[in-house]
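With mmCIF, C-alpha atoms, pLDDT in the B column; chains and numbers go by the auth columns inside, this is data.cif:
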data_model
loop_
_atom_site.group_PDB
_atom_site.id
_atom_site.type_symbol
_atom_site.label_atom_id
_atom_site.label_comp_id
_atom_site.label_asym_id
_atom_site.label_seq_id
_atom_site.Cartn_x
_atom_site.Cartn_y
_atom_site.Cartn_z
_atom_site.B_iso_or_equiv
_atom_site.auth_seq_id
_atom_site.auth_asym_id
ATOM 1 C CA MET A 1 0.000 0.000 0.000 47.00 25 A
ATOM 2 C CA SER A 2 1.496 3.319 -1.026 47.00 26 A
ATOM 3 C CA ARG A 3 1.071 6.521 0.881 49.00 27 A
ATOM 4 C CA GLN A 4 0.430 9.788 -0.827 52.00 28 A
ATOM 5 C CA PHE A 5 1.684 12.886 0.873 45.00 29 A
ATOM 6 C CA MET A 6 -0.161 16.063 0.149 48.00 30 A
ATOM 7 C CA TYR A 7 1.619 19.360 0.526 55.00 31 A
ATOM 8 C CA GLU A 8 -0.549 21.973 2.169 65.00 32 A
ATOM 9 C CA SER A 9 0.663 25.482 1.616 71.00 33 A
ATOM 10 C CA PRO A 10 0.728 27.808 4.601 78.00 34 A
ATOM 11 C CA GLY A 11 -1.959 30.412 5.136 90.00 35 A
ATOM 12 C CA ILE A 12 -1.222 33.918 3.916 92.00 36 A
ATOM 13 C CA PRO A 13 -0.151 35.284 7.335 93.00 37 A
ATOM 14 C CA GLU A 14 2.242 32.376 7.875 92.00 38 A
ATOM 15 C CA LEU A 15 3.496 32.584 4.289 92.00 39 A
ATOM 16 C CA LEU A 16 4.266 36.281 4.646 93.00 40 A
ATOM 17 C CA GLU A 17 6.003 35.832 7.988 92.00 41 A
ATOM 18 C CA GLU A 18 8.287 33.206 6.445 91.00 42 A
ATOM 19 C CA TRP A 19 8.855 35.382 3.386 90.00 43 A
ATOM 20 C CA LEU A 20 9.646 38.401 5.540 92.00 44 A
ATOM 21 C CA ALA A 21 12.171 36.313 7.496 91.00 45 A
ATOM 22 C CA TRP A 22 13.836 35.391 4.183 90.00 46 A
ATOM 23 C CA ALA A 23 13.679 38.929 2.731 90.00 47 A
ATOM 24 C CA SER A 24 15.264 40.476 5.791 89.00 48 A
ATOM 25 C CA ASP A 25 17.993 37.799 5.908 85.00 49 A
ATOM 26 C CA PRO A 26 18.290 36.022 2.524 72.00 50 A
ATOM 27 C CA ASP A 27 21.269 34.014 3.776 78.00 51 A
ATOM 28 C CA GLY A 28 19.152 32.635 6.617 70.00 52 A
ATOM 29 C CA GLN A 29 17.320 29.336 6.715 74.00 53 A
ATOM 30 C CA SER A 30 13.774 30.497 6.029 76.00 54 A
ATOM 31 C CA PRO A 31 12.010 28.679 3.185 82.00 55 A
ATOM 32 C CA GLY A 32 9.804 31.731 2.708 85.00 56 A
ATOM 33 C CA HIS A 33 11.008 32.755 -0.751 87.00 57 A
ATOM 34 C CA MET A 34 10.489 29.355 -2.366 90.00 58 A
ATOM 35 C CA GLU A 35 7.165 28.861 -0.593 90.00 59 A
ATOM 36 C CA PHE A 36 5.873 32.219 -1.858 92.00 60 A
ATOM 37 C CA LEU A 37 6.940 31.382 -5.425 93.00 61 A
ATOM 38 C CA SER A 38 5.347 27.949 -5.158 92.00 62 A
ATOM 39 C CA VAL A 39 2.041 29.415 -3.949 94.00 63 A
ATOM 40 C CA VAL A 40 2.060 31.960 -6.789 95.00 64 A
ATOM 41 C CA GLU A 41 2.547 29.205 -9.350 94.00 65 A
ATOM 42 C CA GLU A 42 0.237 26.560 -7.892 93.00 66 A
ATOM 43 C CA GLU A 43 -2.397 28.696 -6.141 94.00 67 A
ATOM 44 C CA PRO A 44 -2.425 31.965 -8.099 96.00 68 A
ATOM 45 C CA GLU A 45 -5.459 33.491 -6.365 96.00 69 A
ATOM 46 C CA LYS A 46 -3.802 32.966 -3.006 95.00 70 A
ATOM 47 C CA GLY A 47 -0.532 34.270 -4.429 96.00 71 A
ATOM 48 C CA TRP A 48 -2.201 37.463 -5.684 97.00 72 A
ATOM 49 C CA SER A 49 -3.853 37.937 -2.278 97.00 73 A
ATOM 50 C CA ALA A 50 -0.460 37.507 -0.615 96.00 74 A
ATOM 51 C CA ILE A 51 1.140 40.074 -2.954 97.00 75 A
ATOM 52 C CA LEU A 52 -1.625 42.538 -2.088 97.00 76 A
ATOM 53 C CA ALA A 53 -1.128 41.769 1.602 96.00 77 A
ATOM 54 C CA THR A 54 2.535 42.830 1.341 95.00 78 A
ATOM 55 C CA LEU A 55 1.278 46.268 0.304 96.00 79 A
ATOM 56 C CA GLN A 56 -0.873 46.478 3.439 94.00 80 A
ATOM 57 C CA ASP A 57 1.876 45.612 5.923 93.00 81 A
ATOM 58 C CA ARG A 58 4.503 48.347 6.398 94.00 82 A
ATOM 59 C CA ARG A 59 7.110 45.793 7.440 93.00 83 A
ATOM 60 C CA HIS A 60 7.290 44.758 3.776 93.00 84 A
ATOM 61 C CA GLU A 61 7.996 48.282 2.466 94.00 85 A
ATOM 62 C CA PRO A 62 11.799 47.845 2.281 94.00 86 A
ATOM 63 C CA TYR A 63 11.326 44.583 0.369 94.00 87 A
ATOM 64 C CA LEU A 64 8.706 45.511 -2.262 96.00 88 A
ATOM 65 C CA GLY A 65 11.396 45.305 -4.940 95.00 89 A
ATOM 66 C CA LYS A 66 11.939 41.675 -3.965 94.00 90 A
ATOM 67 C CA VAL A 67 8.181 41.049 -4.101 96.00 91 A
ATOM 68 C CA ALA A 68 8.195 42.564 -7.601 96.00 92 A
ATOM 69 C CA ALA A 69 11.208 40.598 -8.862 94.00 93 A
ATOM 70 C CA GLY A 70 9.961 37.340 -7.362 94.00 94 A
ATOM 71 C CA PRO A 71 6.289 36.658 -6.689 96.00 95 A
ATOM 72 C CA LEU A 72 4.794 39.414 -8.885 97.00 96 A
ATOM 73 C CA GLU A 73 7.010 38.590 -11.854 97.00 97 A
ATOM 74 C CA ASP A 74 6.250 34.885 -11.436 97.00 98 A
ATOM 75 C CA LEU A 75 2.505 35.546 -11.213 98.00 99 A
ATOM 76 C CA LEU A 76 2.671 37.461 -14.487 98.00 100 A
ATOM 77 C CA SER A 77 4.888 34.784 -16.063 97.00 101 A
ATOM 78 C CA HIS A 78 2.643 31.858 -15.135 97.00 102 A
ATOM 79 C CA HIS A 79 -0.822 33.427 -14.954 97.00 103 A
ATOM 80 C CA GLY A 80 -0.480 36.866 -16.509 96.00 104 A
ATOM 81 C CA SER A 81 -3.471 36.709 -18.836 96.00 105 A
ATOM 82 C CA GLU A 82 -5.704 35.779 -15.886 96.00 106 A
ATOM 83 C CA PHE A 83 -4.454 38.586 -13.625 97.00 107 A
ATOM 84 C CA ILE A 84 -3.259 41.520 -15.720 96.00 108 A
ATOM 85 C CA ASP A 85 -6.654 43.298 -15.641 95.00 109 A
ATOM 86 C CA ARG A 86 -6.765 43.166 -11.832 96.00 110 A
ATOM 87 C CA ILE A 87 -3.112 44.042 -11.481 96.00 111 A
ATOM 88 C CA GLY A 88 -3.469 46.998 -13.845 94.00 112 A
ATOM 89 C CA ALA A 89 -6.571 48.275 -12.043 94.00 113 A
ATOM 90 C CA GLU A 90 -4.857 48.000 -8.652 95.00 114 A
ATOM 91 C CA ALA A 91 -1.746 49.737 -9.993 94.00 115 A
ATOM 92 C CA LYS A 92 -3.913 52.763 -10.868 91.00 116 A
ATOM 93 C CA ILE A 93 -4.935 52.962 -7.209 93.00 117 A
ATOM 94 C CA ASP A 94 -1.650 52.038 -5.524 94.00 118 A
ATOM 95 C CA ARG A 95 1.438 53.755 -6.933 92.00 119 A
ATOM 96 C CA ARG A 96 3.665 51.310 -5.059 94.00 120 A
ATOM 97 C CA LEU A 97 2.255 48.476 -7.164 95.00 121 A
ATOM 98 C CA ALA A 98 2.707 50.599 -10.302 94.00 122 A
ATOM 99 C CA TRP A 99 6.335 51.131 -9.250 94.00 123 A
ATOM 100 C CA MET A 100 6.738 47.386 -8.663 96.00 124 A
ATOM 101 C CA LEU A 101 5.502 46.757 -12.209 96.00 125 A
ATOM 102 C CA SER A 102 7.891 49.382 -13.570 94.00 126 A
ATOM 103 C CA ILE A 103 10.981 47.550 -12.286 94.00 127 A
ATOM 104 C CA LEU A 104 10.108 44.137 -13.733 95.00 128 A
ATOM 105 C CA TYR A 105 12.003 42.410 -16.513 93.00 129 A
ATOM 106 C CA GLN A 106 9.914 40.719 -19.164 94.00 130 A
ATOM 107 C CA GLY A 107 11.630 37.369 -18.748 92.00 131 A
ATOM 108 C CA ASN A 108 8.946 34.727 -19.365 95.00 132 A
ATOM 109 C CA ILE A 109 6.037 37.168 -19.375 96.00 133 A
ATOM 110 C CA THR A 110 4.196 36.888 -22.695 96.00 134 A
ATOM 111 C CA ASP A 111 4.403 39.797 -25.109 96.00 135 A
ATOM 112 C CA SER A 112 0.675 40.561 -24.800 96.00 136 A
ATOM 113 C CA VAL A 113 0.838 40.712 -20.992 96.00 137 A
ATOM 114 C CA TRP A 114 4.095 42.683 -21.129 96.00 138 A
ATOM 115 C CA GLU A 115 2.439 45.315 -23.346 95.00 139 A
ATOM 116 C CA ARG A 116 -0.246 45.715 -20.678 94.00 140 A
ATOM 117 C CA VAL A 117 2.419 46.038 -17.973 95.00 141 A
ATOM 118 C CA GLN A 118 4.067 48.779 -20.020 93.00 142 A
ATOM 119 C CA LEU A 119 0.737 50.609 -20.396 90.00 143 A
ATOM 120 C CA ALA A 120 0.103 50.378 -16.654 88.00 144 A
ATOM 121 C CA THR A 121 3.496 51.935 -15.935 87.00 145 A
ATOM 122 C CA LYS A 122 3.838 54.492 -18.733 80.00 146 A
ATOM 123 C CA ASP A 123 3.772 57.444 -16.285 71.00 147 A
ATOM 124 C CA ILE A 124 5.914 55.738 -13.640 68.00 148 A
ATOM 125 C CA GLY A 125 9.650 55.374 -13.538 54.00 149 A
ATOM 126 C CA PRO A 126 11.769 53.473 -11.033 53.00 150 A
ATOM 127 C CA ASP A 127 12.342 56.692 -9.089 52.00 151 A
ATOM 128 C CA ASN A 128 8.740 57.967 -9.161 49.00 152 A
ATOM 129 C CA ALA A 129 6.962 55.707 -6.678 48.00 153 A
#
Encoded form (structure tokens):
Amino acid sequence: MSRQFMYESPGIPELLEEWLAWASDPDGQSPGHMEFLSVVEEEPEKGWSAILATLQDRRHEPYLGKVAAGPLEDLLSHHGSEFIDRIGAEAKIDRRLAWMLSILYQGNITDSVWERVQLATKDIGPDNA
């Protein structure tokens, strides 16, 4: 008889605590970065909620560039067509999110999604957040 082990991702508060531990000490032992990326890829709605939660918690302010270059970029790479409308609408409201979009590299983001990212950030530069 074989056993199947199911991975259960942490809740958003726990996920963000682990991620914050990693972001503030990337040489430490916290699995927070990889867990956040895994949630974004496998549970994109939860990942988007977690990205938004980083914008609500001031402790994440110094690390928003890392959120952009990691979880946000991965969300757009893996699920961009599903989320770009919401991300663009939120970026109009929250200039920090618009700034986060402005510092991304296209990488694996599709051309059509990347064009929408560029439109959402046309009035924002890396120094204008």
Report as a compact mmCIF listing (two decimals) with C-alpha atoms, in the frame of the given file the residues that result from applying the PyMOL selection byres ((chain A and resi 92) around 10) to the structure here.
# COMPACT_ATOMS: atom_id res chain seq x y z
CA ILE A 75 1.14 40.07 -2.95
CA TYR A 87 11.33 44.58 0.37
CA LEU A 88 8.71 45.51 -2.26
CA GLY A 89 11.40 45.30 -4.94
CA LYS A 90 11.94 41.68 -3.96
CA VAL A 91 8.18 41.05 -4.10
CA ALA A 93 11.21 40.60 -8.86
CA GLY A 94 9.96 37.34 -7.36
CA PRO A 95 6.29 36.66 -6.69
CA LEU A 96 4.79 39.41 -8.88
CA GLU A 97 7.01 38.59 -11.85
CA ASP A 98 6.25 34.88 -11.44
CA LEU A 99 2.50 35.55 -11.21
CA LEU A 121 2.26 48.48 -7.16
CA TRP A 123 6.34 51.13 -9.25
CA MET A 124 6.74 47.39 -8.66
CA LEU A 125 5.50 46.76 -12.21
CA SER A 126 7.89 49.38 -13.57
CA ILE A 127 10.98 47.55 -12.29
CA LEU A 128 10.11 44.14 -13.73
CA TYR A 129 12.00 42.41 -16.51
Using all atoms listed in the file, which residue out of A:Leu61, A:Ile133, A:Leu76, A:Val141 lies closest to A:Ile108?
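Checking each candidate against A:Ile108, we get A:Val141 as the closest.
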Work out how far atom CA of A:Pro50 is from atom CA of A:Phe107, in Å to one decimal.
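Atom CA of A:Pro50 lies at a distance of 28.0 Å from atom CA of A:Phe107.
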As an exercise, work out the distance from atom CA of A:Ser33 to atom CA of A:Thr134 in Å and give it to one decimal place.
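Computing the Euclidean distance for atom CA of A:Ser33 and atom CA of A:Thr134 yields 27.1 Å.
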If we count only C-alpha atoms and set the cut-off at 12 Å, which residues sit around A:Ser62, ignoring sequence neighbours fewer than 3 positions away in its own chain? Please answer as an mmCIF file with C-alpha atoms, keeping the file's coordinate frame.
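In the end it all went to part_9.cif:
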data_model
loop_
_atom_site.group_PDB
_atom_site.id
_atom_site.type_symbol
_atom_site.label_atom_id
_atom_site.label_comp_id
_atom_site.auth_asym_id
_atom_site.auth_seq_id
_atom_site.Cartn_x
_atom_site.Cartn_y
_atom_site.Cartn_z
ATOM 1 C CA TYR A 31 1.619 19.360 0.526
ATOM 2 C CA GLU A 32 -0.549 21.973 2.169
ATOM 3 C CA SER A 33 0.663 25.482 1.616
ATOM 4 C CA PRO A 34 0.728 27.808 4.601
ATOM 5 C CA LEU A 39 3.496 32.584 4.289
ATOM 6 C CA TRP A 43 8.855 35.382 3.386
ATOM 7 C CA PRO A 55 12.010 28.679 3.185
ATOM 8 C CA GLY A 56 9.804 31.731 2.708
ATOM 9 C CA HIS A 57 11.008 32.755 -0.751
ATOM 10 C CA MET A 58 10.489 29.355 -2.366
ATOM 11 C CA GLU A 59 7.165 28.861 -0.593
ATOM 12 C CA GLU A 65 2.547 29.205 -9.350
ATOM 13 C CA GLU A 66 0.237 26.560 -7.892
ATOM 14 C CA GLU A 67 -2.397 28.696 -6.141
ATOM 15 C CA PRO A 68 -2.425 31.965 -8.099
ATOM 16 C CA LYS A 70 -3.802 32.966 -3.006
ATOM 17 C CA GLY A 71 -0.532 34.270 -4.429
ATOM 18 C CA GLY A 94 9.961 37.340 -7.362
ATOM 19 C CA PRO A 95 6.289 36.658 -6.689
ATOM 20 C CA ASP A 98 6.250 34.885 -11.436
ATOM 21 C CA LEU A 99 2.505 35.546 -11.213
ATOM 22 C CA HIS A 102 2.643 31.858 -15.135
#
Work out how far atom CA of A:Ser101 is from atom CA of A:Glu69, in Å to one decimal.
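For atom CA of A:Glu69 relative to atom CA of A:Ser101, the distance reads 14.2 Å.
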Using all atoms listed in the file, which residue out of A:His103, A:Leu79, A:Ser136, A:His84 lies closest to A:Trp46?
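Nearest to A:Trp46: A:His84.
Of the listed residues (A:Val137, A:Leu100, A:Ala122, A:Ile117), A:Leu100 comes nearest to A:Val64; the distances count only C-alpha atoms.
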Which residue, A:Asp147, A:Ile36, A:Pro86, A:Asp49, has the smallest gap to A:Arg119 when you use all atoms listed in the file?
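That would be A:Asp147, the residue with the smallest distance to A:Arg119.
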Would it be fine to have chain A, with C-alpha atoms, given as a PDB file, in the first residue's frame?
ATOM      1  CA  MET A  25       0.000   0.000   0.000  1.00  0.00           C
ATOM      2  CA  SER A  26       1.496   3.319  -1.026  1.00  0.00           C
ATOM      3  CA  ARG A  27       1.071   6.521   0.881  1.00  0.00           C
ATOM      4  CA  GLN A  28       0.430   9.788  -0.827  1.00  0.00           C
ATOM      5  CA  PHE A  29       1.684  12.886   0.873  1.00  0.00           C
ATOM      6  CA  MET A  30      -0.161  16.063   0.149  1.00  0.00           C
ATOM      7  CA  TYR A  31       1.619  19.360   0.526  1.00  0.00           C
ATOM      8  CA  GLU A  32      -0.549  21.973   2.169  1.00  0.00           C
ATOM      9  CA  SER A  33       0.663  25.482   1.616  1.00  0.00           C
ATOM     10  CA  PRO A  34       0.728  27.808   4.601  1.00  0.00           C
ATOM     11  CA  GLY A  35      -1.959  30.412   5.136  1.00  0.00           C
ATOM     12  CA  ILE A  36      -1.222  33.918   3.916  1.00  0.00           C
ATOM     13  CA  PRO A  37      -0.151  35.284   7.335  1.00  0.00           C
ATOM     14  CA  GLU A  38       2.242  32.376   7.875  1.00  0.00           C
ATOM     15  CA  LEU A  39       3.496  32.584   4.289  1.00  0.00           C
ATOM     16  CA  LEU A  40       4.266  36.281   4.646  1.00  0.00           C
ATOM     17  CA  GLU A  41       6.003  35.832   7.988  1.00  0.00           C
ATOM     18  CA  GLU A  42       8.287  33.206   6.445  1.00  0.00           C
ATOM     19  CA  TRP A  43       8.855  35.382   3.386  1.00  0.00           C
ATOM     20  CA  LEU A  44       9.646  38.401   5.540  1.00  0.00           C
ATOM     21  CA  ALA A  45      12.171  36.313   7.496  1.00  0.00           C
ATOM     22  CA  TRP A  46      13.836  35.391   4.183  1.00  0.00           C
ATOM     23  CA  ALA A  47      13.679  38.929   2.731  1.00  0.00           C
ATOM     24  CA  SER A  48      15.264  40.476   5.791  1.00  0.00           C
ATOM     25  CA  ASP A  49      17.993  37.799   5.908  1.00  0.00           C
ATOM     26  CA  PRO A  50      18.290  36.022   2.524  1.00  0.00           C
ATOM     27  CA  ASP A  51      21.269  34.014   3.776  1.00  0.00           C
ATOM     28  CA  GLY A  52      19.152  32.635   6.617  1.00  0.00           C
ATOM     29  CA  GLN A  53      17.320  29.336   6.715  1.00  0.00           C
ATOM     30  CA  SER A  54      13.774  30.497   6.029  1.00  0.00           C
ATOM     31  CA  PRO A  55      12.010  28.679   3.185  1.00  0.00           C
ATOM     32  CA  GLY A  56       9.804  31.731   2.708  1.00  0.00           C
ATOM     33  CA  HIS A  57      11.008  32.755  -0.751  1.00  0.00           C
ATOM     34  CA  MET A  58      10.489  29.355  -2.366  1.00  0.00           C
ATOM     35  CA  GLU A  59       7.165  28.861  -0.593  1.00  0.00           C
ATOM     36  CA  PHE A  60       5.873  32.219  -1.858  1.00  0.00           C
ATOM     37  CA  LEU A  61       6.940  31.382  -5.425  1.00  0.00           C
ATOM     38  CA  SER A  62       5.347  27.949  -5.158  1.00  0.00           C
ATOM     39  CA  VAL A  63       2.041  29.415  -3.949  1.00  0.00           C
ATOM     40  CA  VAL A  64       2.060  31.960  -6.789  1.00  0.00           C
ATOM     41  CA  GLU A  65       2.547  29.205  -9.350  1.00  0.00           C
ATOM     42  CA  GLU A  66       0.237  26.560  -7.892  1.00  0.00           C
ATOM     43  CA  GLU A  67      -2.397  28.696  -6.141  1.00  0.00           C
ATOM     44  CA  PRO A  68      -2.425  31.965  -8.099  1.00  0.00           C
ATOM     45  CA  GLU A  69      -5.459  33.491  -6.365  1.00  0.00           C
ATOM     46  CA  LYS A  70      -3.802  32.966  -3.006  1.00  0.00           C
ATOM     47  CA  GLY A  71      -0.532  34.270  -4.429  1.00  0.00           C
ATOM     48  CA  TRP A  72      -2.201  37.463  -5.684  1.00  0.00           C
ATOM     49  CA  SER A  73      -3.853  37.937  -2.278  1.00  0.00           C
ATOM     50  CA  ALA A  74      -0.460  37.507  -0.615  1.00  0.00           C
ATOM     51  CA  ILE A  75       1.140  40.074  -2.954  1.00  0.00           C
ATOM     52  CA  LEU A  76      -1.625  42.538  -2.088  1.00  0.00           C
ATOM     53  CA  ALA A  77      -1.128  41.769   1.602  1.00  0.00           C
ATOM     54  CA  THR A  78       2.535  42.830   1.341  1.00  0.00           C
ATOM     55  CA  LEU A  79       1.278  46.268   0.304  1.00  0.00           C
ATOM     56  CA  GLN A  80      -0.873  46.478   3.439  1.00  0.00           C
ATOM     57  CA  ASP A  81       1.876  45.612   5.923  1.00  0.00           C
ATOM     58  CA  ARG A  82       4.503  48.347   6.398  1.00  0.00           C
ATOM     59  CA  ARG A  83       7.110  45.793   7.440  1.00  0.00           C
ATOM     60  CA  HIS A  84       7.290  44.758   3.776  1.00  0.00           C
ATOM     61  CA  GLU A  85       7.996  48.282   2.466  1.00  0.00           C
ATOM     62  CA  PRO A  86      11.799  47.845   2.281  1.00  0.00           C
ATOM     63  CA  TYR A  87      11.326  44.583   0.369  1.00  0.00           C
ATOM     64  CA  LEU A  88       8.706  45.511  -2.262  1.00  0.00           C
ATOM     65  CA  GLY A  89      11.396  45.305  -4.940  1.00  0.00           C
ATOM     66  CA  LYS A  90      11.939  41.675  -3.965  1.00  0.00           C
ATOM     67  CA  VAL A  91       8.181  41.049  -4.101  1.00  0.00           C
ATOM     68  CA  ALA A  92       8.195  42.564  -7.601  1.00  0.00           C
ATOM     69  CA  ALA A  93      11.208  40.598  -8.862  1.00  0.00           C
ATOM     70  CA  GLY A  94       9.961  37.340  -7.362  1.00  0.00           C
ATOM     71  CA  PRO A  95       6.289  36.658  -6.689  1.00  0.00           C
ATOM     72  CA  LEU A  96       4.794  39.414  -8.885  1.00  0.00           C
ATOM     73  CA  GLU A  97       7.010  38.590 -11.854  1.00  0.00           C
ATOM     74  CA  ASP A  98       6.250  34.885 -11.436  1.00  0.00           C
ATOM     75  CA  LEU A  99       2.505  35.546 -11.213  1.00  0.00           C
ATOM     76  CA  LEU A 100       2.671  37.461 -14.487  1.00  0.00           C
ATOM     77  CA  SER A 101       4.888  34.784 -16.063  1.00  0.00           C
ATOM     78  CA  HIS A 102       2.643  31.858 -15.135  1.00  0.00           C
ATOM     79  CA  HIS A 103      -0.822  33.427 -14.954  1.00  0.00           C
ATOM     80  CA  GLY A 104      -0.480  36.866 -16.509  1.00  0.00           C
ATOM     81  CA  SER A 105      -3.471  36.709 -18.836  1.00  0.00           C
ATOM     82  CA  GLU A 106      -5.704  35.779 -15.886  1.00  0.00           C
ATOM     83  CA  PHE A 107      -4.454  38.586 -13.625  1.00  0.00           C
ATOM     84  CA  ILE A 108      -3.259  41.520 -15.720  1.00  0.00           C
ATOM     85  CA  ASP A 109      -6.654  43.298 -15.641  1.00  0.00           C
ATOM     86  CA  ARG A 110      -6.765  43.166 -11.832  1.00  0.00           C
ATOM     87  CA  ILE A 111      -3.112  44.042 -11.481  1.00  0.00           C
ATOM     88  CA  GLY A 112      -3.469  46.998 -13.845  1.00  0.00           C
ATOM     89  CA  ALA A 113      -6.571  48.275 -12.043  1.00  0.00           C
ATOM     90  CA  GLU A 114      -4.857  48.000  -8.652  1.00  0.00           C
ATOM     91  CA  ALA A 115      -1.746  49.737  -9.993  1.00  0.00           C
ATOM     92  CA  LYS A 116      -3.913  52.763 -10.868  1.00  0.00           C
ATOM     93  CA  ILE A 117      -4.935  52.962  -7.209  1.00  0.00           C
ATOM     94  CA  ASP A 118      -1.650  52.038  -5.524  1.00  0.00           C
ATOM     95  CA  ARG A 119       1.438  53.755  -6.933  1.00  0.00           C
ATOM     96  CA  ARG A 120       3.665  51.310  -5.059  1.00  0.00           C
ATOM     97  CA  LEU A 121       2.255  48.476  -7.164  1.00  0.00           C
ATOM     98  CA  ALA A 122       2.707  50.599 -10.302  1.00  0.00           C
ATOM     99  CA  TRP A 123       6.335  51.131  -9.250  1.00  0.00           C
ATOM    100  CA  MET A 124       6.738  47.386  -8.663  1.00  0.00           C
ATOM    101  CA  LEU A 125       5.502  46.757 -12.209  1.00  0.00           C
ATOM    102  CA  SER A 126       7.891  49.382 -13.570  1.00  0.00           C
ATOM    103  CA  ILE A 127      10.981  47.550 -12.286  1.00  0.00           C
ATOM    104  CA  LEU A 128      10.108  44.137 -13.733  1.00  0.00           C
ATOM    105  CA  TYR A 129      12.003  42.410 -16.513  1.00  0.00           C
ATOM    106  CA  GLN A 130       9.914  40.719 -19.164  1.00  0.00           C
ATOM    107  CA  GLY A 131      11.630  37.369 -18.748  1.00  0.00           C
ATOM    108  CA  ASN A 132       8.946  34.727 -19.365  1.00  0.00           C
ATOM    109  CA  ILE A 133       6.037  37.168 -19.375  1.00  0.00           C
ATOM    110  CA  THR A 134       4.196  36.888 -22.695  1.00  0.00           C
ATOM    111  CA  ASP A 135       4.403  39.797 -25.109  1.00  0.00           C
ATOM    112  CA  SER A 136       0.675  40.561 -24.800  1.00  0.00           C
ATOM    113  CA  VAL A 137       0.838  40.712 -20.992  1.00  0.00           C
ATOM    114  CA  TRP A 138       4.095  42.683 -21.129  1.00  0.00           C
ATOM    115  CA  GLU A 139       2.439  45.315 -23.346  1.00  0.00           C
ATOM    116  CA  ARG A 140      -0.246  45.715 -20.678  1.00  0.00           C
ATOM    117  CA  VAL A 141       2.419  46.038 -17.973  1.00  0.00           C
ATOM    118  CA  GLN A 142       4.067  48.779 -20.020  1.00  0.00           C
ATOM    119  CA  LEU A 143       0.737  50.609 -20.396  1.00  0.00           C
ATOM    120  CA  ALA A 144       0.103  50.378 -16.654  1.00  0.00           C
ATOM    121  CA  THR A 145       3.496  51.935 -15.935  1.00  0.00           C
ATOM    122  CA  LYS A 146       3.838  54.492 -18.733  1.00  0.00           C
ATOM    123  CA  ASP A 147       3.772  57.444 -16.285  1.00  0.00           C
ATOM    124  CA  ILE A 148       5.914  55.738 -13.640  1.00  0.00           C
ATOM    125  CA  GLY A 149       9.650  55.374 -13.538  1.00  0.00           C
ATOM    126  CA  PRO A 150      11.769  53.473 -11.033  1.00  0.00           C
ATOM    127  CA  ASP A 151      12.342  56.692  -9.089  1.00  0.00           C
ATOM    128  CA  ASN A 152       8.740  57.967  -9.161  1.00  0.00           C
ATOM    129  CA  ALA A 153       6.962  55.707  -6.678  1.00  0.00           C
TER     130      ALA A 153
END
